[in-house]
Amino acid sequence: MTRLSWPSAAVGNAHSNRLLSIGFCWLIFLLALQAAGQPTVEVIRLNQIGFYPDAAKVAIVVGEPGSNTTAQPFQVLTTSGKKVVFSGTLSPARPNAFSGKLARTADFSALHNPGTFVINIPGLGQSYPFAIRAAVHRDMAVGALKGFYFQRASVALPESYAGRWHRPAGHPDNHIFIHPSAASATRPAGTTISSPRGWYDAGDYNKYIVNSGISMGTLLSLYEDYPDFCNSLITNIPESNNSLPDLLDESLWNLRWMLTMQDPTDGGVYHKLTNAKFDGMVMPDKATKERYVVQKSVTATLDFAAVMAQAARIFRQFPRELPGLADSCQTAAVRAWGWAKQNPNALYVQDDMNKAFDPDVSTGTYGDRNASDEWIWAAGELYLTTRDDAYYTAVNLFPDDKTPLPSWPQVRTLAYYSLARLADQLTPRAQQDAVNVKTRIIQEADKLKQHVDNQAFQTPMGKTASDYIWGSSSVAANQGIALLQAYRLTNDKSYLAAALANLDYLLGRNAVGYSFVTGFGHKTPMHPHHRPSIADGVEAPVPGLLSGGTNANAARQDNCSGYTTTVADEVYLDADCSYASNEIAINWNAPLVYFVAAIEALEAKTAR
């Protein structure tokens with residue numbers, strides 16, 4: 001029996017009832033298929049949500065090595081099974097470079113009619129139902145952003161906003177100890193500060209500046225790139241009825257926590273707020289261990305500076321709603337930059353810290369032995385906000401010809417995106433590099449879309465085994481963002497098409513057949529490594545969260561048993577012990593939010 005999961009309770013009661021009705025109809029349809037002897041087969045891999053009327057529509061049929069390669073027809077049927085709306089022939093088979101399994105393409109891009117359909121392959125079976133309609137991914141854009149609400153610390157999540165995932169408040173964080181590694185003359189070890197709000201970082205309950213940095217930078221960039229669309233995203237959070245877009249309201253919950261992590265005396269920023277050890281698999285209100293802020297680090301401080309600089313120019317647009325906030329953010333950014341200049345070697349090395357100070361801390365390190373990319377990001381954002389060339393020339397913004405995908409230890413491309421975004425506002429000094437920035441972004445996007453047609457699943461994701469790392473789902477999302485950045489610069493629709501292929505990858509067109517977003521699709525993670533989803537007594541996990549996804553090295557990185565393969569694009573386990581393949585994290589959800597929301601915004605624009 002196929003398990004259906006819906007985002008319903010996450011996005012409001014009226015909307016919930018509509019989605020539940022749709023889900024019930026799909027359930028009845030699947031039962032009817034089974035009763036009629038037409039099985040739903042998982043070898044047909046496709047976007048389990050659906051497709052835009054005028055966009056590409058592709059499914060991949062997976063077969064074992066040496067399976068039949070003769071021409072084979074397929075049809076697209078209405079959900080009743082009574083009407084064929086499209087007929088085609090599967091492509092010749094291509095071997096998967098990792099597994100050797102054969103992949104054949106069912107291309108039905110010529111079908112433009114809206115509706116809900118299935119793919120039927122005679123003698124094999126039928127796919128999961130999928131929709132063709134405008135705004136087909138809008139509900140998921142809302143759900144992915146709502147995922148951040150479910151990660152809020154220091155506040156109860158009432159049923160009116162959280163549905164069946166409601167919970168009491170946990171971690172008020174108004175009595176946080178200064179760890180000896182963070183002690184200063186004005187804040188001695190053992191004294192306390194108040195540091196509430198923020199988002200739980202991942203499946204655990206700690207809060208980390210480095211990971212908050214890239215998450216915030218990604219969400220704020222979405223607002224800068226697509227403000228009109230963001231204004232329309234309503235996620236049913238307590239702030240939904242105010243005059244700010246929900247995206248910025250949600251971002252403020254974390255921004256205000258980040259501000260508490262800066263030492264007001266010297267401008268340095270604590271690396272993280274954490275327990276000494278990870279909590280057990282309990283709800284937030286049951287996790288009551290002492291919490292600490294630990295050592296100030298140059299990477300955390302520079303990430304903080306970048307976020308505050310970007311936030312300053314965004315919130316300056318809302319002087320009535322948020323009086324003084326933009327100025328406070330800019331001041332905080334400048335002071336953080338000053339501390340980093342005085343402490344350029346203050347890297348966070350947890351083992352060294354534990355040798356020097358007690359208690360030992362064994363939670364996530366987010367350690368980074370090279371801060372050059374953080375310098376680039378902070379310098380770029382401070383320059384764009386202040387228009388002061390001194391920031392632009394303070395570091396070498398272009399040390400080589402690389403434009404790496406953003407990740408928490410590699411953030412420099414976020415600066416390049418911002419420089420391209422605000423190219424018409426650059427000072428003469430920065431205008432000298434404007435063409436270089438644009439060229440870099442386009443060249444990286446060209447590499448991503450090159451030879452996609454030769455890939456087993458015909459997506460930019462997975463061209464090399466190096467894509468299948470811890471958090472590979474965020475690799476796919478960040479590849480999509482890179483392609484969309486190139487599309488914004490060129491208006492070349494081949495970049496948009498390649499990005500859509502990666503969205504299809506995340507939603508089911510992949511080697512394991514999962515839609516990696518909880519609650520969105522037919523085969524989704526039910527057991528993510530996520531403490532509230534494990535401990536809340538609700539069968540379905542918290543919705544709208546992006547699972548880390550396939551990780552070639554997962555079996556040796558966590559202590560979970562049950563992995564059945566070593567094939568790079570198939571090492572995934574839907575088990576809550578599999579933190580190396582099935583955890584969630586804010587730095588993975590942020591690019592999902594950007595990616596899906598940007599796709600929706602662009603598709604709405606091109607459809608007009």
# chains A, B, ... in the order shown; residues from 1 in each chain; ligands from 1

call {"tool": "closest_atom_pairs", "arguments": {"of": "region 366-421 of chain A", "to": "region 323-340 of chain A", "cutoff": "12 Å", "atoms": "only C-alpha atoms", "output": "tab-separated table"}}
result
residue	atom	partner	partner_atom	distance
A:Ala371	CA	A:Ala340	CA	10.3
A:Ser372	CA	A:Ala340	CA	11.8
A:Glu374	CA	A:Ala340	CA	10.4
A:Trp375	CA	A:Ala340	CA	8.9
A:Ile376	CA	A:Trp337	CA	11.6
A:Trp377	CA	A:Trp337	CA	11.3
A:Ala378	CA	A:Trp337	CA	7.7
A:Ala379	CA	A:Trp337	CA	8.5
A:Gly380	CA	A:Trp337	CA	11.8
A:Glu381	CA	A:Ala333	CA	9.5
A:Leu382	CA	A:Ala333	CA	7.4
A:Tyr383	CA	A:Val334	CA	10.6
A:Leu384	CA	A:Gln330	CA	11.4
A:Thr385	CA	A:Gln330	CA	8.1
A:Thr386	CA	A:Gln330	CA	8.5
A:Asp388	CA	A:Val334	CA	11.5
A:Tyr391	CA	A:Trp337	CA	9.6
A:Ala394	CA	A:Trp337	CA	10.9

call {"tool": "select_by_dssp", "arguments": {"residues": "region 83-263 of chain A", "states": "strand (DSSP E)", "output": "count of residues only"}}
result
33

call {"tool": "atom_distance", "arguments": {"atom1": "CA of Met526 (chain A)", "atom2": "CA of Asp574 (chain A)"}}
result
6.7 Å

call {"tool": "closest_atom_pairs", "arguments": {"of": "region 49-151 of chain A", "to": "region 478-498 of chain A", "cutoff": "12 Å", "atoms": "only C-alpha atoms", "output": "Markdown table"}}
result
| residue | atom | partner | partner_atom | distance |
| --- | --- | --- | --- | --- |
| A:Phe51 | CA | A:Ala497 | CA | 11.9 |
| A:Tyr52 | CA | A:Ala497 | CA | 11.4 |
| A:Asp54 | CA | A:Ala497 | CA | 10.9 |
| A:Ala55 | CA | A:Ala497 | CA | 7.6 |
| A:Ala56 | CA | A:Ala497 | CA | 7.1 |
| A:Lys57 | CA | A:Ala497 | CA | 10.2 |
| A:Val58 | CA | A:Ala497 | CA | 11.3 |
| A:Ser109 | CA | A:Ala497 | CA | 11.6 |

call {"tool": "write_last_selection", "arguments": {"atoms": "N, CA and C atoms", "output": "short mmCIF file (atom, residue, chain, number, x, y, z; two decimals), in the first residue's frame"}}
result
data_model
loop_
_atom_site.label_atom_id
_atom_site.label_comp_id
_atom_site.auth_asym_id
_atom_site.auth_seq_id
_atom_site.Cartn_x
_atom_site.Cartn_y
_atom_site.Cartn_z
N PHE A 51 4.10 19.17 -12.77
CA PHE A 51 4.80 19.91 -13.81
C PHE A 51 4.00 21.15 -14.21
N TYR A 52 4.73 22.14 -14.73
CA TYR A 52 4.09 23.33 -15.29
C TYR A 52 3.61 23.03 -16.71
N ASP A 54 3.73 24.50 -19.59
CA ASP A 54 4.60 24.77 -20.74
C ASP A 54 6.06 24.41 -20.49
N ALA A 55 6.34 23.69 -19.43
CA ALA A 55 7.72 23.29 -19.12
C ALA A 55 7.95 21.84 -19.53
N ALA A 56 9.22 21.42 -19.46
CA ALA A 56 9.57 20.04 -19.78
C ALA A 56 8.91 19.09 -18.78
N LYS A 57 8.55 17.91 -19.28
CA LYS A 57 7.93 16.88 -18.45
C LYS A 57 8.60 15.55 -18.78
N VAL A 58 9.36 15.05 -17.83
CA VAL A 58 10.18 13.87 -18.07
C VAL A 58 10.04 12.90 -16.91
N SER A 109 6.67 16.22 -22.73
CA SER A 109 6.67 17.69 -22.65
C SER A 109 5.60 18.32 -23.54
#

call {"tool": "closest_residue", "arguments": {"among": "A:Leu322, A:Val361, A:Val210, A:Ala585", "to": "Leu347 (chain A)", "atoms": "only C-alpha atoms"}}
result
A:Val210

call {"tool": "residues_around", "arguments": {"residues": "Asn559 (chain A)", "least_positions_apart": "6", "cutoff": "9 Å", "atoms": "only C-alpha atoms", "output": "ChimeraX atom specification"}}
result
/A:577-579
